[in-house]
Amino acid sequence: TWSRHMIQAEAAVEGVKYASFNRLDTVNARAGVIGRLDIRGESHLQFTGSYQRTNDLPTDQGFTSGVFGVPLAQLAPTHTERSSSGLLLTLREGRFESQSRIEWQRTSSQPQVGSSVGASAFDAYTLTQRLGYRIGEGRTAYVEASGNQRRSDVAFGDSQGFRVLTGFSGELTRLLNGELAVGVLRQTYDGGRAQTTLAFSGSLLWRPTQLTSVTLLARRDVGEAGGVANTQGSFA
């Protein structure tokens with residue numbers, strides 16, 4: 001029924017103004033939307049979208065002597081814009097579960113005058129498929145495969161890769177819930193460089209009392225160079 005569907009949106013704007021050095025005045029903004037469309041039973045379609053604009057000010061030293069030899073009066077904030085969207089389709093039939101996810105992310109930045117890092121733009125596209133089987137009440141074993149395509153205007157920054165995981169989610173003990181998965185991750189960059197490494201993902205929630213909870217998160221994934229010259233990426 002329509003009463004089970006959901007959509008939620010938010011937006012915020014923040015302005016910072018200085019009595020002196022008007023070039024340092026900034027306006028930060030963010031907006032986001034999340035929605036859910038129930039199909040039937042436990043099957044549903046979820047969508048998300050977000051936009052964020054931030055302005056990073058020069059270092060504290062810049063307020064007195066300038067940054068990288070650039071006079072304070074010529075400095076300006078670094079403008080960074082981040083956009084993302086995603087779709088998640090969840091289908092459940094008996095003990096079987098399927099989750100299909102597609103995601104897009106874009107980050108662009110315009111650094112301050114005199115910065116050693118140039119302007120950059122980065123787009124990432126990720127497609128993920130998870131197949132699960134319920135092995136008990138509140139417990140699911142699954143396999144997951146994902147592929148990504150990444151485009152960057154940094155030299156040799158383009159890459160493509162995949163990740164395969166097998167894992168378990170649900171109740172571990174009466175007080176401990178979570179998800180644990182392990183697998184392999186490979187990313188190949190323009191220029192021929194490639195790296196294969198162990199991949200893992202985990203989240204644990206421990207509730208020793210009704211008023212106390214402890215959460216532990218762990219994940220290994222591919223990180224980007226963030227505009228650093230001659231750097232193609234990192235694993236973290």
# chains A, B, ... in the order shown; residues from 1 in each chain; ligands from 1
>>> residues_around(residues="Ser98 of chain A", least_positions_apart="3", cutoff="8 Å", atoms="only C-alpha atoms", output="list in words")
Leu89, Thr90, Leu91, Arg92, Gln129, Arg130, Leu131 and Gly132 of chain A
>>> write_last_selection(atoms="C-alpha atoms", output="CSV table (one decimal), in the first residue's frame")
chain,number,residue,atom,x,y,z
A,89,LEU,CA,16.6,-3.2,-5.6
A,90,THR,CA,16.0,-5.9,-3.0
A,91,LEU,CA,14.0,-9.0,-3.9
A,92,ARG,CA,13.1,-11.7,-1.3
A,129,GLN,CA,25.1,-7.9,-7.0
A,130,ARG,CA,24.5,-9.8,-3.8
A,131,LEU,CA,22.8,-13.2,-3.5
A,132,GLY,CA,21.9,-14.5,-0.1
>>> residues_around(residues="Leu175 of chain A", least_positions_apart="4", cutoff="7 Å", atoms="only C-alpha atoms", output="NGL selection string")
:A and (206-208)
>>> write_last_selection(atoms="all heavy atoms", output="PDB file, in the first residue's frame")
ATOM      1  N   TRP A 206      27.484  -4.719  19.695  1.00  0.00           N
ATOM      2  CA  TRP A 206      27.396  -5.424  20.978  1.00  0.00           C
ATOM      3  C   TRP A 206      26.536  -4.605  21.923  1.00  0.00           C
ATOM      4  O   TRP A 206      26.786  -3.421  22.137  1.00  0.00           O
ATOM      5  CB  TRP A 206      28.793  -5.625  21.550  1.00  0.00           C
ATOM      6  CG  TRP A 206      28.821  -6.304  22.901  1.00  0.00           C
ATOM      7  CD1 TRP A 206      28.133  -7.410  23.277  1.00  0.00           C
ATOM      8  CD2 TRP A 206      29.590  -5.899  24.036  1.00  0.00           C
ATOM      9  NE1 TRP A 206      28.417  -7.745  24.579  1.00  0.00           N
ATOM     10  CE2 TRP A 206      29.313  -6.816  25.068  1.00  0.00           C
ATOM     11  CE3 TRP A 206      30.490  -4.855  24.269  1.00  0.00           C
ATOM     12  CZ2 TRP A 206      29.896  -6.723  26.323  1.00  0.00           C
ATOM     13  CZ3 TRP A 206      31.077  -4.762  25.514  1.00  0.00           C
ATOM     14  CH2 TRP A 206      30.777  -5.692  26.532  1.00  0.00           C
ATOM     15  N   ARG A 207      25.514  -5.233  22.495  1.00  0.00           N
ATOM     16  CA  ARG A 207      24.616  -4.571  23.438  1.00  0.00           C
ATOM     17  C   ARG A 207      24.660  -5.299  24.783  1.00  0.00           C
ATOM     18  O   ARG A 207      23.831  -6.175  25.049  1.00  0.00           O
ATOM     19  CB  ARG A 207      23.182  -4.563  22.904  1.00  0.00           C
ATOM     20  CG  ARG A 207      22.981  -3.736  21.648  1.00  0.00           C
ATOM     21  CD  ARG A 207      21.516  -3.721  21.235  1.00  0.00           C
ATOM     22  NE  ARG A 207      21.284  -2.941  20.045  1.00  0.00           N
ATOM     23  CZ  ARG A 207      21.067  -1.620  20.034  1.00  0.00           C
ATOM     24  NH1 ARG A 207      21.085  -0.953  21.180  1.00  0.00           N
ATOM     25  NH2 ARG A 207      20.850  -0.984  18.901  1.00  0.00           N
ATOM     26  N   PRO A 208      25.621  -4.931  25.644  1.00  0.00           N
ATOM     27  CA  PRO A 208      25.715  -5.600  26.946  1.00  0.00           C
ATOM     28  C   PRO A 208      24.546  -5.279  27.875  1.00  0.00           C
ATOM     29  O   PRO A 208      24.190  -6.092  28.718  1.00  0.00           O
ATOM     30  CB  PRO A 208      27.041  -5.080  27.510  1.00  0.00           C
ATOM     31  CG  PRO A 208      27.255  -3.780  26.816  1.00  0.00           C
ATOM     32  CD  PRO A 208      26.682  -3.939  25.449  1.00  0.00           C
TER      33      PRO A 208
END
>>> closest_residue(among="A:Ser201, A:Ser120, A:Thr212, A:Ser108", to="Gly167 of chain A", atoms="only C-alpha atoms")
A:Ser201
>>> residues_around(residues="Gly136 of chain A", least_positions_apart="2", cutoff="10 Å", atoms="only C-alpha atoms", output="MDAnalysis selection string")
chainID A and resid 95 133:134 138:141 170:171
>>> write_last_selection(atoms="N, CA and C atoms", output="tab-separated table (two decimals), in the first residue's frame")
chain	number	residue	atom	x	y	z
A	95	ARG	N	13.56	-18.31	1.29
A	95	ARG	CA	14.84	-18.15	1.96
A	95	ARG	C	15.87	-17.39	1.11
A	133	TYR	N	21.18	-16.40	1.21
A	133	TYR	CA	20.30	-17.51	1.58
A	133	TYR	C	20.16	-17.51	3.10
A	134	ARG	N	18.93	-17.48	3.57
A	134	ARG	CA	18.68	-17.48	5.01
A	134	ARG	C	18.91	-18.87	5.58
A	138	GLY	N	16.96	-14.77	11.26
A	138	GLY	CA	17.81	-13.60	11.39
A	138	GLY	C	19.24	-13.81	10.95
A	139	ARG	N	19.54	-14.91	10.23
A	139	ARG	CA	20.90	-15.19	9.77
A	139	ARG	C	20.90	-15.45	8.27
A	140	THR	N	21.85	-14.82	7.57
A	140	THR	CA	21.94	-14.96	6.12
A	140	THR	C	23.38	-15.15	5.69
A	141	ALA	N	23.63	-16.15	4.86
A	141	ALA	CA	24.94	-16.33	4.22
A	141	ALA	C	24.82	-15.78	2.80
A	170	GLY	N	23.81	-11.21	10.49
A	170	GLY	CA	22.74	-11.60	11.40
A	170	GLY	C	23.21	-11.69	12.83
A	171	GLU	N	22.50	-12.47	13.61
A	171	GLU	CA	22.78	-12.60	15.04
A	171	GLU	C	23.89	-13.62	15.26
